[in-house]
$ cat target_21.txt   # compact mmCIF, C-alpha atoms
# COMPACT_ATOMS: atom_id res chain seq x y z
CA MET A 592 -2.11 2.19 28.76
CA LEU A 593 -3.80 5.48 29.67
CA GLU A 594 -6.97 4.29 27.92
CA LEU A 595 -7.04 1.14 30.04
CA VAL A 596 -6.53 3.08 33.27
CA ILE A 597 -9.29 5.62 32.50
CA PHE A 598 -11.97 3.13 31.44
CA SER A 599 -11.07 0.65 34.17
CA SER A 600 -11.37 3.45 36.73
CA LEU A 601 -14.78 4.49 35.37
CA ASN A 602 -16.07 0.91 35.40
CA GLY A 603 -14.67 0.36 38.90
CA LEU A 604 -16.28 3.56 40.16
CA LEU A 605 -19.58 2.54 38.60
CA TYR A 606 -19.49 -0.91 40.20
CA GLY A 607 -18.53 0.60 43.54
CA MET A 608 -21.48 3.00 43.47
CA LEU A 609 -23.87 0.14 42.68
CA LEU A 610 -22.46 -1.73 45.67
CA PHE A 611 -23.06 1.42 47.71
CA LEU A 612 -26.75 1.40 46.76
CA LEU A 613 -27.01 -2.17 47.94
CA ALA A 614 -24.85 -1.80 51.04
CA SER A 615 -26.57 1.39 52.21
CA GLY A 616 -29.93 -0.34 52.56
CA LEU A 617 -28.40 -3.38 54.24
CA THR A 618 -26.36 -1.23 56.62
CA LEU A 619 -29.41 0.83 57.56
CA ILE A 620 -31.40 -2.32 58.33
CA PHE A 621 -28.57 -3.93 60.27
CA SER A 622 -27.75 -0.83 62.33
CA MET A 623 -31.38 -0.22 63.28
CA MET A 624 -32.77 -3.73 63.70
CA GLY A 625 -29.66 -5.82 64.25
CA VAL A 626 -30.73 -8.11 61.41
CA LEU A 627 -28.11 -9.15 58.87
CA ASN A 628 -30.54 -9.63 56.01
CA PHE A 629 -29.30 -12.57 53.92
CA ALA A 630 -32.10 -11.93 51.43
CA HIS A 631 -31.00 -8.37 50.65
CA ALA A 632 -29.34 -9.29 47.35
CA SER A 633 -32.54 -11.14 46.43
CA PHE A 634 -34.45 -7.86 46.64
CA TYR A 635 -31.87 -6.45 44.23
CA MET A 636 -32.68 -9.28 41.84
CA LEU A 637 -36.40 -8.82 42.40
CA GLY A 638 -36.07 -5.14 41.50
CA ALA A 639 -34.36 -6.02 38.23
CA TYR A 640 -37.08 -8.51 37.29
CA PHE A 641 -39.89 -6.17 38.31
CA GLY A 642 -38.29 -3.42 36.27
CA PHE A 643 -38.00 -5.76 33.29
CA GLN A 644 -41.64 -6.84 33.52
CA ILE A 645 -42.95 -3.28 33.89
CA SER A 646 -40.75 -2.07 31.01
CA ARG A 647 -42.42 -4.59 28.70
CA TYR A 648 -45.75 -2.82 29.15
CA VAL A 649 -45.07 0.85 29.91
CA GLY A 650 -41.36 1.34 29.28
CA TYR A 651 -38.16 1.55 31.28
CA TRP A 652 -38.73 4.89 32.99
CA PRO A 653 -42.01 4.01 34.76
CA GLY A 654 -40.34 0.78 35.82
CA LEU A 655 -37.48 2.75 37.34
CA VAL A 656 -39.99 4.38 39.69
CA MET A 657 -42.54 1.61 40.20
CA ALA A 658 -40.26 -1.39 40.77
CA PRO A 659 -38.44 0.01 43.87
CA ILE A 660 -41.79 1.10 45.34
CA LEU A 661 -43.31 -2.37 44.83
CA VAL A 662 -40.27 -4.16 46.24
CA GLY A 663 -40.13 -1.74 49.18
CA PHE A 664 -43.80 -2.46 49.89
CA ILE A 665 -43.11 -6.21 49.79
CA GLY A 666 -40.15 -5.72 52.13
CA ALA A 667 -42.29 -3.76 54.59
CA LEU A 668 -44.89 -6.55 54.61
CA ILE A 669 -42.17 -9.15 55.18
CA GLU A 670 -40.88 -7.19 58.17
CA ARG A 671 -44.37 -6.74 59.61
CA TYR A 672 -45.65 -10.29 59.22
CA GLY A 673 -42.40 -12.25 59.08
CA LEU A 674 -39.38 -10.76 60.83
CA ARG A 675 -41.43 -9.19 63.60
CA THR A 676 -42.97 -12.58 64.34
CA VAL A 677 -39.64 -14.41 64.66
CA HIS A 678 -37.91 -11.52 66.46
CA LYS A 679 -38.90 -12.89 69.88
CA PHE A 680 -36.88 -16.04 69.16
CA GLY A 681 -33.61 -14.12 68.79
CA HIS A 682 -31.15 -13.19 66.05
CA VAL A 683 -30.52 -16.77 64.99
CA ALA A 684 -34.17 -17.18 64.06
CA GLU A 685 -34.06 -13.91 62.13
CA LEU A 686 -30.98 -15.01 60.20
CA LEU A 687 -32.59 -18.35 59.35
CA PHE A 688 -35.75 -16.53 58.25
CA THR A 689 -33.90 -14.22 55.85
CA PHE A 690 -31.73 -17.10 54.62
CA GLY A 691 -34.84 -19.11 53.75
CA LEU A 692 -36.46 -16.02 52.25
CA ALA A 693 -33.58 -15.73 49.78
CA PHE A 694 -34.29 -19.25 48.51
CA ILE A 695 -38.02 -18.55 48.27
CA ILE A 696 -37.45 -15.40 46.20
CA GLU A 697 -35.00 -17.18 43.90
CA GLU A 698 -37.37 -20.09 43.34
CA GLY A 699 -40.26 -17.70 42.76
CA VAL A 700 -38.26 -15.81 40.13
CA GLN A 701 -37.39 -19.05 38.35
CA MET A 702 -41.01 -20.19 38.37
CA ILE A 703 -42.26 -16.92 36.86
CA TRP A 704 -39.44 -15.84 34.53
CA GLY A 705 -37.53 -19.09 34.00
CA LYS A 706 -33.94 -20.08 34.67
CA VAL A 707 -32.34 -18.25 31.74
CA ALA A 708 -31.49 -14.56 31.46
CA VAL A 709 -34.27 -12.23 30.34
CA ASP A 710 -33.96 -9.66 27.56
CA TYR A 711 -33.82 -6.53 29.72
CA ARG A 712 -32.68 -3.86 27.28
CA VAL A 713 -31.15 -0.44 27.67
CA PRO A 714 -33.77 2.28 26.99
CA GLU A 715 -33.51 3.80 23.53
CA LEU A 716 -33.12 7.28 25.02
CA LEU A 717 -29.74 6.28 26.48
CA ASN A 718 -28.62 3.76 23.87
CA PHE A 719 -25.73 5.78 22.47
CA PRO A 720 -22.05 6.49 23.32
CA ALA A 721 -21.60 9.19 25.97
CA PHE A 722 -18.09 9.99 24.75
CA THR A 723 -15.24 8.50 22.77
CA LEU A 724 -11.69 8.44 24.09
CA PHE A 725 -8.77 6.82 22.29
CA GLU A 726 -11.24 5.25 19.83
CA THR A 727 -13.09 3.57 22.70
CA THR A 728 -16.66 4.54 23.55
CA PHE A 729 -18.28 4.75 26.97
CA PRO A 730 -22.04 4.01 26.92
CA ALA A 731 -24.43 6.76 27.95
CA PHE A 732 -26.43 4.28 30.04
CA LYS A 733 -23.39 3.55 32.19
CA MET A 734 -22.96 7.27 32.72
CA PHE A 735 -26.63 7.40 33.72
CA MET A 736 -26.02 4.58 36.22
CA LEU A 737 -23.16 6.55 37.76
CA VAL A 738 -25.19 9.79 37.96
CA MET A 739 -28.16 7.97 39.52
CA SER A 740 -25.93 6.33 42.13
CA VAL A 741 -24.34 9.64 43.11
CA ALA A 742 -27.74 11.37 43.19
CA THR A 743 -29.12 8.62 45.45
CA PHE A 744 -26.14 9.01 47.78
CA VAL A 745 -26.70 12.76 48.06
CA ALA A 746 -30.46 12.32 48.58
CA LEU A 747 -29.94 9.64 51.25
CA LEU A 748 -27.34 11.73 53.07
CA THR A 749 -29.65 14.75 53.01
CA LEU A 750 -32.60 12.68 54.24
CA LEU A 751 -30.73 11.20 57.19
CA THR A 752 -28.89 14.34 58.31
CA LYS A 753 -31.01 17.33 57.32
CA THR A 754 -34.64 16.31 57.76
CA ARG A 755 -36.92 15.58 60.71
CA VAL A 756 -37.54 12.07 59.40
CA GLY A 757 -33.81 11.41 59.36
CA LEU A 758 -33.42 12.69 62.92
CA ILE A 759 -36.19 10.37 64.12
CA ILE A 760 -34.59 7.41 62.35
CA GLN A 761 -31.17 8.17 63.84
CA ALA A 762 -32.69 8.55 67.30
CA ALA A 763 -34.55 5.24 66.92
CA LEU A 764 -31.23 3.55 66.12
CA SER A 765 -29.73 4.30 69.53
CA HIS A 766 -32.67 5.17 71.82
CA PRO A 767 -35.82 3.39 70.59
CA ASN A 768 -37.51 3.48 74.00
CA THR A 769 -37.05 7.24 74.31
CA VAL A 770 -38.35 7.78 70.77
CA GLY A 771 -41.38 5.66 71.65
CA MET A 772 -42.10 7.70 74.77
CA LEU A 773 -41.99 10.87 72.65
CA GLY A 774 -45.02 9.56 70.77
CA HIS A 775 -43.42 7.98 67.71
CA ASN A 776 -44.44 4.52 66.53
CA VAL A 777 -41.07 2.74 66.65
CA PRO A 778 -42.30 -0.58 65.13
CA LEU A 779 -43.74 1.41 62.22
CA ILE A 780 -40.39 3.17 61.81
CA PHE A 781 -38.64 -0.20 61.74
CA MET A 782 -41.08 -1.48 59.13
CA MET A 783 -40.63 1.61 56.94
CA VAL A 784 -36.84 1.48 57.23
CA PHE A 785 -36.77 -2.19 56.25
CA GLY A 786 -39.00 -1.46 53.27
CA PHE A 787 -36.87 1.55 52.33
CA GLY A 788 -33.71 -0.54 52.47
CA CYS A 789 -35.28 -3.17 50.23
CA GLY A 790 -36.39 -0.40 47.87
CA LEU A 791 -32.79 0.86 47.61
CA ALA A 792 -31.67 -2.65 46.66
CA ALA A 793 -34.43 -2.81 44.05
CA LEU A 794 -33.38 0.57 42.65
CA ALA A 795 -29.88 -0.80 42.16
CA GLY A 796 -31.41 -3.78 40.36
CA VAL A 797 -33.45 -1.63 37.98
CA ILE A 798 -30.41 0.54 37.24
CA ALA A 799 -28.01 -2.37 36.74
CA GLY A 800 -30.43 -4.82 35.09
CA PRO A 801 -30.11 -3.63 31.48
CA ALA A 802 -26.32 -3.23 31.66
CA LEU A 803 -25.59 -6.43 33.58
CA VAL A 804 -27.19 -9.82 33.06
CA THR A 805 -30.64 -10.14 34.65
CA GLN A 806 -30.84 -13.78 35.68
CA PRO A 807 -31.78 -15.85 38.76
CA ALA A 808 -28.12 -16.27 39.75
CA MET A 809 -27.48 -12.54 40.03
CA ALA A 810 -28.35 -12.47 43.73
CA ALA A 811 -26.15 -15.44 44.62
CA SER A 812 -23.17 -13.97 42.76
CA LEU A 813 -23.48 -10.55 44.39
CA GLY A 814 -24.54 -11.54 47.90
CA PRO A 815 -21.10 -12.55 49.29
CA ILE A 816 -19.50 -9.39 47.86
CA LEU A 817 -22.21 -7.30 49.48
CA PHE A 818 -21.55 -8.72 52.94
CA VAL A 819 -17.81 -8.17 52.52
CA VAL A 820 -18.50 -4.52 51.70
CA VAL A 821 -20.71 -4.09 54.78
CA VAL A 822 -18.32 -5.88 57.15
CA VAL A 823 -15.16 -4.15 55.92
CA GLY A 824 -16.92 -0.78 55.71
CA GLY A 825 -18.30 -1.24 59.20
CA LEU A 826 -14.87 -2.06 60.62

$ encode --input "target_21.txt" --output "structure tokens"
Amino acid sequence: MLELVIFSSLNGLLYGMLLFLLASGLTLIFSMMGVLNFAHASFYMLGAYFGFQISRYVGYWPGLVMAPILVGFIGALIERYGLRTVHKFGHVAELLFTFGLAFIIEEGVQMIWGKVAVDYRVPELLNFPAFTLFETTFPAFKMFMLVMSVATFVALLTLLTKTRVGLIIQAALSHPNTVGMLGHNVPLIFMMVFGFGCGLAALAGVIAGPALVTQPAMAASLGPILFVVVVVGGL
């Protein structure tokens, strides 16, 4: 009984921290831009597939760095040339845009990588048991996922509360006109924040991809849970 409680708690904590990585980016985008990005879970999936593809050529660890950067860059371009264009038509147009974007990303993934799960493997460096308790092992890669999630939380909290960049972002959330008059490029800030939020989702995908199943349905299965987390957390 104690064994079940301990390992269930660890797995629940791990899953909760992965949801935090996803929800933090979505919450940042929603609070700043007022856009409930329906395609956010698709960027999570895109990060997992980018990480898988990069790992085939240069290994898992370069993919852990490169995939979130690439997805964040794509997200920034989507904000600049997509969301910003439909913004003048109101929030409904923005929601429809992100909803359609989710389908486009899913179809693109299926066209490139197919409809079945890909063989995204745990890196050999972490392919061993972290510890054994009551004759049950806990994988080192899952421990790595937990450490990375906590480290990202600390880094994000420090960025938003202790740095000049974080202060500008927080000010742009509530007083964008004042921030603009102080000489800051508010549209550029919005674009960078949207890309950063997409990059956080991609980081969660790269971290979770080898442990969970990397497949085209991973965004659709996680998307509703993500919005529940954001709504309940916001309330």

$ atom_distance --input "target_21.txt" --atom1 "CA of Met608 (chain A)" --atom2 "CA of Phe744 (chain A)"
8.7 Å

$ residues_around --input "target_21.txt" --residues "Met657 (chain A)" --least-positions-apart "3" --cutoff "12 Å" --atoms "all atoms listed in the file" --output "VMD selection string"
chain A and resid 638 to 646 649 to 654 660 to 664 790 793 to 794 797

$ closest_residue --input "target_21.txt" --among "A:Met636, A:Ile695, A:Val770, A:Val656" --to "Cys789 (chain A)" --atoms "only C-alpha atoms"
A:Met636

$ atom_distance --input "target_21.txt" --atom1 "CA of Lys733 (chain A)" --atom2 "CA of Ile798 (chain A)"
9.2 Å

$ closest_residue --input "target_21.txt" --among "A:Leu764, A:Leu758, A:Leu610, A:Thr728" --to "Met624 (chain A)" --atoms "all atoms listed in the file"
A:Leu764

$ residues_around --input "target_21.txt" --residues "Phe719 (chain A)" --least-positions-apart "6" --cutoff "9 Å" --atoms "all atoms listed in the file" --output "JSON, numbers by chain"
{"A": [729, 730, 731, 732]}

$ closest_residue --input "target_21.txt" --among "A:Met623, A:Leu613, A:Gly796, A:Leu674" --to "Ile759 (chain A)" --atoms "all atoms listed in the file"
A:Met623

$ closest_residue --input "target_21.txt" --among "A:Val707, A:Leu595, A:Ile665, A:Ala632" --to "Phe694 (chain A)" --atoms "only C-alpha atoms"
A:Ala632

$ closest_residue --input "target_21.txt" --among "A:Ala802, A:Val738, A:Ile780, A:Ala658" --to "Ile620 (chain A)" --atoms "all atoms listed in the file"
A:Ile780

$ atom_distance --input "target_21.txt" --atom1 "CA of Leu791 (chain A)" --atom2 "CA of Gly616 (chain A)"
5.8 Å

$ residues_around --input "target_21.txt" --residues "Ala810 (chain A)" --least-positions-apart "3" --cutoff "9 Å" --atoms "all atoms listed in the file" --output "number ranges by chain"
A: 630-637, 693, 697, 806-807, 813-814

$ write_last_selection --input "target_21.txt" --atoms "C-alpha atoms" --output "mmCIF file, keeping the file's coordinate frame"
data_model
loop_
_atom_site.group_PDB
_atom_site.id
_atom_site.type_symbol
_atom_site.label_atom_id
_atom_site.label_comp_id
_atom_site.auth_asym_id
_atom_site.auth_seq_id
_atom_site.Cartn_x
_atom_site.Cartn_y
_atom_site.Cartn_z
ATOM 1 C CA ALA A 630 -32.100 -11.930 51.430
ATOM 2 C CA HIS A 631 -31.000 -8.370 50.650
ATOM 3 C CA ALA A 632 -29.340 -9.290 47.350
ATOM 4 C CA SER A 633 -32.540 -11.140 46.430
ATOM 5 C CA PHE A 634 -34.450 -7.860 46.640
ATOM 6 C CA TYR A 635 -31.870 -6.450 44.230
ATOM 7 C CA MET A 636 -32.680 -9.280 41.840
ATOM 8 C CA LEU A 637 -36.400 -8.820 42.400
ATOM 9 C CA ALA A 693 -33.580 -15.730 49.780
ATOM 10 C CA GLU A 697 -35.000 -17.180 43.900
ATOM 11 C CA GLN A 806 -30.840 -13.780 35.680
ATOM 12 C CA PRO A 807 -31.780 -15.850 38.760
ATOM 13 C CA LEU A 813 -23.480 -10.550 44.390
ATOM 14 C CA GLY A 814 -24.540 -11.540 47.900
#

$ closest_residue --input "target_21.txt" --among "A:Met783, A:Ile760, A:Gly681, A:Leu737" --to "Tyr606 (chain A)" --atoms "all atoms listed in the file"
A:Leu737

$ axis_aligned_box --input "target_21.txt" --around "region 700-716 of chain A" --padding-each-side "3 Å" --output "lines of an AutoDock Vina configuration file"
center_x = -36.7
center_y = -6.5
center_z = 31.8
size_x = 17.1
size_y = 33.5
size_z = 22.6

$ residues_near_point --input "target_21.txt" --point "(-39.7, -1.4, 67.2)" --cutoff "9 Å" --atoms "all atoms listed in the file" --output "CSV table (one decimal) with C-alpha atoms, in the frame of the given file"
chain,number,residue,atom,x,y,z
A,624,MET,CA,-32.8,-3.7,63.7
A,675,ARG,CA,-41.4,-9.2,63.6
A,763,ALA,CA,-34.6,5.2,66.9
A,767,PRO,CA,-35.8,3.4,70.6
A,768,ASN,CA,-37.5,3.5,74.0
A,771,GLY,CA,-41.4,5.7,71.6
A,776,ASN,CA,-44.4,4.5,66.5
A,777,VAL,CA,-41.1,2.7,66.6
A,778,PRO,CA,-42.3,-0.6,65.1
A,779,LEU,CA,-43.7,1.4,62.2
A,780,ILE,CA,-40.4,3.2,61.8
A,781,PHE,CA,-38.6,-0.2,61.7
A,782,MET,CA,-41.1,-1.5,59.1
